[in-house]
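Enquirer: This is the structure I have questions about; it appears just below.
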Amino acid sequence: MTRNPGLTIRRGTLAAYIATSFSVEQQTRELEDPASIFLIGEVSGHAAGYARLYASEPEKGVEGTNPIELVRLYVSREWLGRGIGAEIMRACIDEAKHAGHDSVWLGVWERNVRAQAFYRKWNFRTVGEHMFRLGADLQRDLIMERRF
């Protein structure tokens, strides 16, 4: 189980997902993919968080004519609540605009209310939903989008 109250994931499910999604091989593929943009947030030369933008087919409900997906935005636990996420999000939006995109969209687990609140502060709104497989668990993600 995760440590976040109200968020439950079967023991081992998250570990299996992380092992697959963040393996050296998978990360190498993502880094080499020209449709991916990675942004690293640093504090005093140490990584404090990162984001991955990915130009791909959007989910149903995304309204932008040239959207880009915010696949990941993670902040190290010790830096949560200290503005790193906001700086990374600002950089993502700037990068998306600079690359000619007219919106950023993402999927967020329906039970991750902290992340949803963060995205709403950045003017993302719910435009749809999809199912996301996390190991043996099928979870509902909200699709959120911010248009420029």
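Residue numbering restarts at 1 in every chain; chains get A, B, ... in the order shown in the structure tokens, and ligands count up from 1 in that same order.
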So which residues touch A:Val108 within 10 Å, counting only C-alpha atoms, skipping near sequence neighbours fewer than 6 positions away, as a ChimeraX atom specification?

Expert: /A:71-72,115-116,119,126,129-130,132,140-144

Enquirer: Which neighbours of A:Leu31 fall inside 12 Å, counting only C-alpha atoms, when residues of the same chain fewer than 6 positions from it are skipped, and could you give them as a PDB file with C-alpha atoms, in the first residue's frame?

Expert:
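Result file is result_11.pdb:
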ATOM      1  CA  PHE A  22      11.259   2.851 -15.037  1.00  0.00           C
ATOM      2  CA  VAL A  24      16.922   1.210 -17.713  1.00  0.00           C
ATOM      3  CA  GLU A  25      15.689  -0.143 -21.045  1.00  0.00           C
ATOM      4  CA  ILE A  37      10.933  16.282 -23.920  1.00  0.00           C
ATOM      5  CA  PHE A  38      12.409  15.849 -20.429  1.00  0.00           C
ATOM      6  CA  LEU A  39      12.723  18.713 -17.964  1.00  0.00           C
ATOM      7  CA  ALA A  51       8.680  16.011 -16.088  1.00  0.00           C
ATOM      8  CA  ARG A  52       8.224  14.288 -19.413  1.00  0.00           C
ATOM      9  CA  LEU A  53       6.227  15.842 -22.230  1.00  0.00           C
ATOM     10  CA  TYR A  54       5.274  13.596 -25.135  1.00  0.00           C
TER      11      TYR A  54
END

Enquirer: Can you write out as a tab-separated table which residues of stretch 24-52 of chain A fall within 12 Å of stretch 76-81 of chain A, alongside each residue's closest atom pair and its distance in Å to one decimal, counting only C-alpha atoms and ordering rows by chain and ascending residue number?

Expert:
residue	atom	partner	partner_atom	distance
A:Ile40	CA	A:Ser76	CA	11.4
A:Gly41	CA	A:Ser76	CA	9.9
A:Glu42	CA	A:Trp79	CA	10.3
A:Val43	CA	A:Trp79	CA	9.3
A:His46	CA	A:Ser76	CA	10.6
A:Ala47	CA	A:Ser76	CA	8.2
A:Ala48	CA	A:Ser76	CA	5.4
A:Gly49	CA	A:Ser76	CA	5.6
A:Tyr50	CA	A:Ser76	CA	8.9
A:Ala51	CA	A:Ser76	CA	11.8

Enquirer: Using the selection just defined, write its residues with C-alpha atoms as a PDB file, in the first residue's frame.

Expert:
ATOM      1  CA  ILE A  40      14.744  18.329 -14.757  1.00  0.00           C
ATOM      2  CA  GLY A  41      14.221  20.540 -11.720  1.00  0.00           C
ATOM      3  CA  GLU A  42      17.446  21.042  -9.740  1.00  0.00           C
ATOM      4  CA  VAL A  43      18.277  22.558  -6.393  1.00  0.00           C
ATOM      5  CA  HIS A  46      20.796  18.005  -7.259  1.00  0.00           C
ATOM      6  CA  ALA A  47      17.730  16.686  -9.077  1.00  0.00           C
ATOM      7  CA  ALA A  48      14.572  17.603  -7.142  1.00  0.00           C
ATOM      8  CA  GLY A  49      11.997  16.534  -9.726  1.00  0.00           C
ATOM      9  CA  TYR A  50      11.319  16.003 -13.386  1.00  0.00           C
ATOM     10  CA  ALA A  51       8.680  16.011 -16.088  1.00  0.00           C
TER      11      ALA A  51
END

Enquirer: Can you list, as number ranges by chain, every protein, DNA or RNA residue that comes within 7 Å of A:Pro67 when you count only C-alpha atoms, leaving out same-chain residues fewer than 4 positions away?

Expert: A: 58, 101-105

Enquirer: Keeping N, CA and C atoms for every residue in the selection just given, could you write it to a file as a compact mmCIF listing (two decimals), in the first residue's frame?

Expert:
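And here's out.txt as it stands now:
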# COMPACT_ATOMS: atom_id res chain seq x y z
N PRO A 58 -3.74 12.45 -28.80
CA PRO A 58 -4.40 12.75 -27.53
C PRO A 58 -5.55 11.80 -27.24
N HIS A 101 2.70 24.02 -29.44
CA HIS A 101 1.50 23.32 -28.98
C HIS A 101 0.50 24.32 -28.42
N ASP A 102 -0.79 23.98 -28.53
CA ASP A 102 -1.82 24.90 -28.04
C ASP A 102 -2.50 24.39 -26.77
N SER A 103 -2.07 23.23 -26.27
CA SER A 103 -2.57 22.75 -24.99
C SER A 103 -1.65 21.66 -24.45
N VAL A 104 -1.79 21.44 -23.14
CA VAL A 104 -1.12 20.33 -22.46
C VAL A 104 -2.24 19.50 -21.83
N TRP A 105 -2.14 18.18 -21.99
CA TRP A 105 -3.13 17.30 -21.38
C TRP A 105 -2.41 16.22 -20.59

Enquirer: Using DSSP on the backbone coordinates, identify the residues of stretch 7-139 of chain A assigned to helix (DSSP H, G or I); present them as number ranges by chain.

Expert: A: 13-21, 24-32, 77-79, 84-98, 113-121

Enquirer: Any idea what's packed within 9 Å of A:Ser56, counting only C-alpha atoms, ignoring anything in its chain fewer than 5 positions away? Could you give it as number ranges by chain?

Expert: A: 35, 67-69

Enquirer: Among chain A, which residues carry a DSSP assignment of strand (DSSP E), reported as a PyMOL selection string?

Expert: chain A and resi 36-43+46-54+67-75+103-109+125-134+137-147

Enquirer: Mind dumping the selected residues with C-alpha atoms as a compact mmCIF listing (two decimals), in the first residue's frame?

Expert:
# COMPACT_ATOMS: atom_id res chain seq x y z
CA SER A 36 9.76 13.20 -25.78
CA ILE A 37 10.93 16.28 -23.92
CA PHE A 38 12.41 15.85 -20.43
CA LEU A 39 12.72 18.71 -17.96
CA ILE A 40 14.74 18.33 -14.76
CA GLY A 41 14.22 20.54 -11.72
CA GLU A 42 17.45 21.04 -9.74
CA VAL A 43 18.28 22.56 -6.39
CA HIS A 46 20.80 18.00 -7.26
CA ALA A 47 17.73 16.69 -9.08
CA ALA A 48 14.57 17.60 -7.14
CA GLY A 49 12.00 16.53 -9.73
CA TYR A 50 11.32 16.00 -13.39
CA ALA A 51 8.68 16.01 -16.09
CA ARG A 52 8.22 14.29 -19.41
CA LEU A 53 6.23 15.84 -22.23
CA TYR A 54 5.27 13.60 -25.14
CA PRO A 67 -1.75 19.19 -27.87
CA ILE A 68 1.16 17.62 -26.01
CA GLU A 69 0.84 15.14 -23.15
CA LEU A 70 2.36 15.71 -19.74
CA VAL A 71 3.20 12.06 -19.11
CA ARG A 72 4.94 12.55 -15.78
CA LEU A 73 5.62 15.29 -13.29
CA TYR A 74 7.35 14.01 -10.18
CA VAL A 75 8.94 15.85 -7.28
CA SER A 103 -2.57 22.75 -24.99
CA VAL A 104 -1.12 20.33 -22.46
CA TRP A 105 -3.13 17.30 -21.38
CA LEU A 106 -2.58 14.55 -18.83
CA GLY A 107 -4.14 11.58 -17.10
CA VAL A 108 -4.41 11.59 -13.30
CA TRP A 109 -5.75 8.84 -11.06
CA ARG A 125 -9.90 21.11 -16.38
CA THR A 126 -11.34 17.62 -16.66
CA VAL A 127 -12.23 16.79 -20.27
CA GLY A 128 -12.68 13.02 -20.11
CA GLU A 129 -11.52 9.79 -18.54
CA HIS A 130 -9.83 6.53 -19.42
CA MET A 131 -8.94 3.27 -17.75
CA PHE A 132 -5.31 2.71 -16.74
CA ARG A 133 -3.87 -0.70 -15.94
CA LEU A 134 -1.51 -0.73 -12.96
CA ASP A 137 -5.50 -3.32 -11.03
CA LEU A 138 -7.69 -1.41 -13.46
CA GLN A 139 -7.96 2.23 -12.40
CA ARG A 140 -9.88 5.21 -13.70
CA ASP A 141 -7.84 8.25 -14.70
CA LEU A 142 -9.31 11.67 -15.30
CA ILE A 143 -8.11 13.35 -18.48
CA MET A 144 -7.30 17.00 -17.79
CA GLU A 145 -6.28 19.69 -20.24
CA ARG A 146 -4.96 23.24 -20.12
CA ARG A 147 -5.40 25.24 -23.31

Enquirer: Restricting the calculation to only C-alpha atoms, which member of A:Ser23, A:Thr65, A:Ser44, A:Asn112 is positioned closest to A:Phe148?

Expert: A:Thr65

Enquirer: So, counting only C-alpha atoms, which residue among A:Arg111, A:Gly61, A:Arg29, A:Phe118 is closest to A:Gly83?

Expert: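 Of A:Arg111, A:Gly61, A:Arg29, A:Phe118, the one nearest A:Gly83 is A:Phe118, counting only C-alpha atoms.
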
Enquirer: What does the distance between atom CA of A:Gly45 and atom CA of A:Glu30 come to in Å, to one decimal place?

Expert: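 Atom CA of A:Glu30 lies 23.2 Å from atom CA of A:Gly45.
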